[in-house]
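What's in final.cif: mmCIF, C-alpha atoms
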```
data_coords
loop_
_atom_site.label_atom_id
_atom_site.label_comp_id
_atom_site.auth_asym_id
_atom_site.auth_seq_id
_atom_site.Cartn_x
_atom_site.Cartn_y
_atom_site.Cartn_z
CA MET A 1 126.58 46.09 -75.06
CA GLU A 2 129.77 44.51 -76.35
CA ASN A 3 129.13 42.53 -79.55
CA LYS A 4 132.44 40.78 -79.88
CA ASN A 5 132.07 37.72 -82.15
CA GLN A 6 128.43 37.24 -81.19
CA SER A 7 126.92 34.14 -82.75
CA HIS A 8 123.84 32.03 -82.22
CA LEU A 9 124.46 28.51 -83.47
CA VAL A 10 122.40 25.32 -83.60
CA MET A 11 119.08 27.19 -83.38
CA HIS A 12 120.12 29.35 -80.42
CA SER A 13 121.29 26.45 -78.33
CA PHE A 14 124.99 27.40 -78.57
CA CYS A 15 125.30 31.16 -78.21
CA LEU A 16 128.61 32.98 -78.02
CA TYR A 17 128.68 36.38 -76.36
CA PRO A 18 124.88 36.69 -76.46
CA ASP A 19 123.03 39.81 -75.51
CA VAL A 20 121.46 38.45 -72.34
CA LYS A 21 121.66 39.08 -68.62
CA PHE A 22 120.96 36.85 -65.69
CA GLU A 23 119.77 37.61 -62.19
CA THR A 24 123.01 37.19 -60.25
CA GLN A 25 125.31 38.66 -62.88
CA GLY A 26 128.06 40.89 -61.55
CA GLN A 27 128.64 44.38 -62.89
CA ASP A 28 131.86 43.64 -64.77
CA GLU A 29 130.94 40.06 -65.51
CA LYS A 30 130.66 39.19 -69.22
CA ILE A 31 128.67 36.29 -70.55
CA VAL A 32 130.78 34.17 -72.89
CA LEU A 33 128.54 31.22 -73.65
CA VAL A 34 124.88 30.32 -73.23
CA LEU A 35 123.95 26.71 -73.77
CA ARG A 36 120.59 25.03 -74.24
CA ALA A 37 119.57 21.47 -75.00
CA HIS A 38 120.16 20.46 -78.61
CA PRO A 39 117.01 20.98 -80.72
CA PHE A 40 117.02 17.32 -81.70
CA THR A 41 116.19 16.41 -78.09
CA GLN A 42 112.92 18.34 -78.45
CA ILE A 43 111.56 15.98 -81.08
CA PRO A 44 109.48 13.86 -78.64
CA TRP A 45 107.16 16.71 -77.70
CA VAL A 46 106.96 17.89 -81.32
CA PHE A 47 105.88 14.37 -82.25
CA ASN A 48 103.33 14.40 -79.41
CA THR A 49 101.91 17.62 -80.83
CA PHE A 50 101.26 16.00 -84.19
CA VAL A 51 99.68 13.00 -82.49
CA ALA A 52 97.43 15.32 -80.47
CA LEU A 53 96.39 17.14 -83.65
CA LEU A 54 95.62 13.83 -85.30
CA ILE A 55 93.53 12.77 -82.29
CA LEU A 56 91.61 16.04 -82.51
CA VAL A 57 90.86 15.40 -86.19
CA LEU A 58 89.75 11.85 -85.43
CA VAL A 59 87.53 12.98 -82.56
CA ASN A 60 85.91 15.46 -84.93
CA PHE A 61 85.39 12.72 -87.45
CA PHE A 62 83.85 10.21 -85.06
CA ALA A 63 82.04 12.56 -82.69
CA ALA A 64 80.45 14.66 -85.44
CA PRO A 65 77.13 12.78 -85.54
CA ILE A 66 76.76 12.77 -81.73
CA LEU A 67 77.58 16.36 -80.76
CA THR A 68 75.74 19.58 -81.40
CA LEU A 69 77.38 22.45 -83.31
CA GLY A 70 78.12 24.36 -80.09
CA GLN A 71 79.73 21.31 -78.54
CA LYS A 72 81.85 20.68 -81.62
CA LEU A 73 82.99 24.29 -81.69
CA PHE A 74 83.93 24.24 -78.03
CA LEU A 75 85.70 20.90 -78.37
CA ASN A 76 87.81 22.17 -81.25
CA PHE A 77 88.54 25.47 -79.52
CA PHE A 78 89.60 23.74 -76.34
CA GLY A 79 91.59 21.11 -78.23
CA LEU A 80 93.55 23.71 -80.18
CA VAL A 81 94.15 25.84 -77.11
CA PHE A 82 95.39 22.80 -75.23
CA ILE A 83 97.78 21.83 -78.01
CA LEU A 84 99.11 25.37 -78.41
CA SER A 85 99.62 25.63 -74.65
CA TYR A 86 101.52 22.35 -74.71
CA ILE A 87 103.78 23.73 -77.45
CA TRP A 88 104.37 26.98 -75.56
CA PHE A 89 105.05 25.14 -72.30
CA ASN A 90 107.75 23.07 -73.98
CA ILE A 91 109.26 26.06 -75.75
CA LEU A 92 109.50 27.94 -72.45
CA SER A 93 111.00 24.91 -70.77
CA TRP A 94 113.65 24.56 -73.48
CA PHE A 95 114.40 28.28 -73.77
CA PHE A 96 114.88 29.05 -70.09
CA ASN A 97 116.77 25.90 -69.08
CA VAL A 98 120.23 27.23 -69.78
CA GLY A 99 123.84 26.77 -68.89
CA ILE A 100 125.82 30.00 -68.76
CA VAL A 101 129.56 30.42 -68.85
CA THR A 102 130.85 33.84 -67.89
CA THR A 103 134.26 35.38 -67.29
CA GLU A 104 133.80 34.66 -63.58
CA GLN A 105 131.57 31.65 -63.09
CA VAL A 106 129.44 28.91 -64.59
CA VAL A 107 125.74 29.01 -63.91
CA ASP A 108 123.11 26.34 -64.43
CA ILE A 109 119.52 27.59 -64.52
CA ASP A 110 116.91 24.85 -64.36
CA PHE A 111 113.17 25.26 -64.45
CA SER A 112 111.78 21.79 -63.77
CA SER A 113 108.35 21.58 -65.36
CA VAL A 114 108.48 25.38 -65.63
CA LEU A 115 107.34 25.76 -62.02
CA TYR A 116 110.43 24.81 -60.00
CA LYS A 117 113.48 27.02 -60.30
CA GLU A 118 116.97 25.90 -59.45
CA VAL A 119 120.06 28.02 -60.01
CA SER A 120 123.48 26.50 -59.42
CA ALA A 121 126.66 28.47 -59.78
CA ALA A 122 130.35 27.86 -59.36
CA LYS A 123 133.21 30.31 -59.60
CA LEU A 124 135.75 29.44 -62.27
CA HIS A 125 138.56 29.05 -59.73
CA HIS A 126 136.49 26.40 -57.90
CA ILE A 127 136.27 24.19 -60.96
CA GLU A 128 138.38 21.07 -60.55
CA ASP A 129 137.41 18.90 -63.46
CA ILE A 130 135.36 19.11 -66.66
CA THR A 131 133.99 15.95 -68.24
CA SER A 132 132.17 15.57 -71.52
CA LYS A 133 129.87 12.58 -72.11
CA SER A 134 128.54 11.81 -75.52
CA GLY A 135 127.36 8.36 -76.55
CA GLY A 136 124.86 6.87 -78.91
CA TYR A 137 124.01 7.13 -82.57
CA PHE A 138 122.05 10.38 -82.49
CA GLU A 139 124.45 12.07 -80.09
CA SER A 140 127.33 11.32 -82.46
CA LEU A 141 125.34 12.27 -85.54
CA PHE A 142 124.11 15.60 -84.19
CA ASN A 143 127.15 16.27 -81.98
CA TYR A 144 125.54 16.79 -78.62
CA GLY A 145 126.20 15.43 -75.15
CA ASP A 146 126.53 16.23 -71.48
CA LEU A 147 129.06 18.47 -69.79
CA ILE A 148 129.77 17.72 -66.15
CA ILE A 149 131.70 20.31 -64.16
CA GLN A 150 133.15 19.10 -60.89
CA THR A 151 133.71 21.71 -58.27
CA ALA A 152 135.88 21.78 -55.18
CA GLY A 153 134.60 20.67 -51.83
CA THR A 154 131.17 19.22 -51.18
CA ALA A 155 129.30 21.41 -53.64
CA GLU A 156 127.21 19.56 -56.18
CA ASN A 157 128.51 19.16 -59.71
CA ILE A 158 127.10 21.41 -62.37
CA GLU A 159 125.67 19.58 -65.34
CA PHE A 160 124.79 20.89 -68.75
CA LEU A 161 122.73 18.13 -70.34
CA ASN A 162 122.30 17.45 -74.06
CA ILE A 163 124.23 20.52 -75.14
CA PRO A 164 125.48 20.88 -78.71
CA LYS A 165 129.23 20.82 -79.39
CA PRO A 166 130.36 19.72 -75.92
CA SER A 167 134.00 19.63 -77.02
CA GLU A 168 133.90 23.26 -78.11
CA ALA A 169 132.23 24.20 -74.84
CA ILE A 170 135.08 22.52 -72.97
CA GLU A 171 137.57 24.38 -75.14
CA ILE A 172 135.97 27.69 -74.25
CA LEU A 173 135.88 26.80 -70.56
CA ASN A 174 139.51 25.70 -70.58
CA GLY A 175 140.41 28.96 -72.28
CA LEU A 176 138.73 30.89 -69.46
CA LEU A 177 140.31 28.69 -66.80
CA GLY A 178 143.69 29.23 -68.37
CA LYS A 179 143.25 32.98 -68.03
CA GLU A 180 142.40 32.67 -64.31
CA MET B 1 64.52 3.73 -59.40
CA SER B 2 64.67 0.81 -61.84
CA LEU B 3 67.39 0.01 -64.31
CA ALA B 4 65.13 1.11 -67.12
CA ASP B 5 64.81 4.55 -65.49
CA VAL B 6 68.60 4.84 -65.14
CA LEU B 7 69.09 3.85 -68.78
CA ALA B 8 66.45 6.35 -69.82
CA ILE B 9 68.32 9.13 -68.00
CA LEU B 10 71.62 8.15 -69.59
CA GLU B 11 70.09 8.03 -73.03
CA ASN B 12 68.53 11.40 -72.51
CA HIS B 13 70.45 13.89 -74.59
CA ASN B 14 69.85 16.58 -72.00
CA PHE B 15 71.88 14.59 -69.54
CA ILE B 16 74.76 14.38 -72.02
CA ALA B 17 74.51 18.10 -72.71
CA ILE B 18 74.56 18.97 -69.00
CA PHE B 19 77.46 16.62 -68.41
CA PHE B 20 79.37 18.07 -71.37
CA LYS B 21 78.72 21.62 -70.20
CA SER B 22 79.84 20.86 -66.62
CA VAL B 23 83.05 19.27 -67.80
CA ALA B 24 83.64 22.10 -70.27
CA ILE B 25 83.26 24.78 -67.61
CA LEU B 26 85.46 22.87 -65.19
CA LEU B 27 88.22 22.38 -67.77
CA SER B 28 88.00 26.02 -68.85
CA VAL B 29 88.38 27.22 -65.26
CA LEU B 30 91.33 24.87 -64.77
CA TYR B 31 92.92 26.21 -67.94
CA LEU B 32 92.39 29.76 -66.71
CA LEU B 33 94.20 28.89 -63.47
CA TYR B 34 96.98 27.28 -65.51
CA GLY B 35 97.24 30.46 -67.61
CA LEU B 36 97.60 32.56 -64.45
CA VAL B 37 100.33 30.31 -63.09
CA ILE B 38 102.26 30.24 -66.38
CA SER B 39 102.00 34.00 -66.76
CA LYS B 40 103.42 34.53 -63.27
CA GLN B 41 106.13 31.93 -63.80
CA THR B 42 107.13 33.54 -67.10
CA GLN B 43 107.76 36.76 -65.20
CA VAL B 44 110.02 34.82 -62.84
CA MET B 45 111.81 33.29 -65.81
CA ASN B 46 112.31 36.66 -67.48
CA ASP B 47 113.69 38.09 -64.25
CA THR B 48 116.10 35.17 -63.97
CA LEU B 49 117.28 35.37 -67.57
CA GLU B 50 116.74 38.64 -69.42
CA VAL B 51 116.69 38.18 -73.17
CA ASN B 52 115.81 40.44 -76.09
CA GLY B 53 112.42 38.85 -76.66
CA SER B 54 111.27 39.14 -73.03
CA LYS B 55 108.32 41.37 -73.87
CA ILE B 56 107.04 39.03 -76.56
CA ILE B 57 107.41 36.03 -74.24
CA THR B 58 105.51 37.85 -71.47
CA PHE B 59 102.80 38.90 -73.93
CA ILE B 60 102.24 35.37 -75.24
CA SER B 61 102.10 33.97 -71.72
CA SER B 62 99.63 36.67 -70.69
CA LEU B 63 97.54 35.85 -73.75
CA GLN B 64 96.78 32.51 -72.13
CA ILE B 65 94.79 34.30 -69.44
CA THR B 66 92.69 36.02 -72.10
CA ILE B 67 92.21 32.73 -73.90
CA GLY B 68 91.27 31.08 -70.60
CA LEU B 69 88.58 33.70 -70.06
CA LEU B 70 87.34 33.20 -73.62
CA LEU B 71 87.19 29.47 -72.98
CA VAL B 72 85.07 29.93 -69.87
CA LEU B 73 82.77 32.31 -71.75
CA SER B 74 82.46 29.98 -74.71
CA ALA B 75 81.75 27.05 -72.37
CA ILE B 76 78.84 29.02 -70.97
CA VAL B 77 77.59 30.60 -74.19
CA LEU B 78 78.18 27.94 -76.85
CA LEU B 79 76.83 25.15 -74.75
CA TRP B 80 73.70 26.99 -73.63
#
```
Could you spell out this file's structure in structure tokens?
Amino acid sequence: MENKNQSHLVMHSFCLYPDVKFETQGQDEKIVLVLRAHPFTQIPWVFNTFVALLILVLVNFFAAPILTLGQKLFLNFFGLVFILSYIWFNILSWFFNVGIVTTEQVVDIDFSSVLYKEVSAAKLHHIEDITSKSGGYFESLFNYGDLIIQTAGTAENIEFLNIPKPSEAIEILNGLLGKE
Amino acid sequence: MSLADVLAILENHNFIAIFFKSVAILLSVLYLLYGLVISKQTQVMNDTLEVNGSKIITFISSLQITIGLLLVLSAIVLLW
């Protein structure tokens, strides 16, 4: 597989020429950019994880006199399993919700709550307008925002939400559009 | 049945133990079902987007089924 200038930036949320394939990829089609939500946007569930761990510790502390050893063991086992599953669920959700820019099209793969799959694609020559939206303190500080790609006709716009370096993503897209 | 009888049942530790065990088994079975769904959905995700770590991702998701089974077993055994 071609390894031209491959790089994985911002904790694998801005990947240039990555070694991945997607379902509807054409034979000669090359993936130029894979985008994921900026890691900073994952902080809420990370925070929830710590809160859940704290709750588990507190439950142990207060429930200790009431429960038997078997009950305490099960409670801790289940609590830890639940928290780890929550972490894994969120990792999967972040990892597989991607925006892909190839030499032929842009693809948006969304897995809502992991269970619902939605794949939107638009050929490069159908792209009419590209808009970048980035506002707010954290978005400016960590350089992330939304990329909205308007396509011709009545097709829905393709949106890459909370992606890092939206300006660079536009630059790459414009480069590809210029070659078309 | 008088109120005193009802209170006596509720205060009875056996009742709490049975209640705890029932809830534990129910939650464990629900988690097992969740593990099955996530494992299947991970396969769908890997088919949609093939990455280098696909096998590890599939393995971890499949591990949830094993953990689900262990949870059900522990609910039955530990809370005997």
Chain A contacts to chain B at 6 Å (all atoms listed in the file) as a list in words: Val20, Lys21, Phe22, Glu23 and Gly70 of chain A
Given the PyMOL selection byres ((chain A and resi 112) around 12), the residues it picks as a ChimeraX atom specification: /A:89-90,92-94,96-98,109-111,113-119 /B:41,45
Residues matched by the PyMOL selection byres ((chain A and resi 138-146) around 8), written as a PyMOL selection string: chain A and resi 38+40+132-137+147-148+159-166
For A:Phe47, please output as a compact mmCIF listing (two decimals) with C-alpha atoms, keeping the file's coordinate frame all residues within 12 Å (counting only C-alpha atoms; exclusion window: fewer than 5 positions along the same chain).
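What landed in out_18.txt:
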```txt
# COMPACT_ATOMS: atom_id res chain seq x y z
CA PHE A 40 117.02 17.32 -81.70
CA THR A 41 116.19 16.41 -78.09
CA GLN A 42 112.92 18.34 -78.45
CA ALA A 52 97.43 15.32 -80.47
CA LEU A 53 96.39 17.14 -83.65
CA LEU A 54 95.62 13.83 -85.30
CA ILE A 83 97.78 21.83 -78.01
CA TYR A 86 101.52 22.35 -74.71
CA ILE A 87 103.78 23.73 -77.45
```
Between atom CA of A:Ala37 and atom CA of A:Gln105 - distance in Å to one decimal: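 These two atoms are separated by 19.7 Å.
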Atomic distance atom CA of B:Leu73 - atom CA of A:Val57, expressed in Å with one decimal: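 Rounded to one decimal, the two atoms are 23.7 Å apart.
Atom CA of A:Val51 is found 27.7 Å from atom CA of B:Ile56.
Applied to this file, the PyMOL selection byres ((chain A and resi 158) around 8) selects Val107, Asp108, Ser120, Ala121, Ala122, Ile148, Ile149, Gln150, Thr151, Glu156, Asn157, Glu159 and Phe160 of chain A.
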Quick one: everything within 10 Å of A:His12, counting all atoms listed in the file, minus sequence neighbours fewer than 2 positions away in the same chain. Send it as a CSV table (one decimal) with C-alpha atoms, in the coordinates of the input.
```
chain,number,residue,atom,x,y,z
A,7,SER,CA,126.9,34.1,-82.8
A,8,HIS,CA,123.8,32.0,-82.2
A,9,LEU,CA,124.5,28.5,-83.5
A,10,VAL,CA,122.4,25.3,-83.6
A,14,PHE,CA,125.0,27.4,-78.6
A,15,CYS,CA,125.3,31.2,-78.2
A,16,LEU,CA,128.6,33.0,-78.0
A,18,PRO,CA,124.9,36.7,-76.5
A,34,VAL,CA,124.9,30.3,-73.2
A,35,LEU,CA,124.0,26.7,-73.8
A,36,ARG,CA,120.6,25.0,-74.2
A,37,ALA,CA,119.6,21.5,-75.0
A,38,HIS,CA,120.2,20.5,-78.6
A,39,PRO,CA,117.0,21.0,-80.7
A,95,PHE,CA,114.4,28.3,-73.8
```
Counting all atoms listed in the file, the option among A:Leu80, A:Asp28, A:Leu33, A:Leu67 closest to A:Gln6: A:Leu33
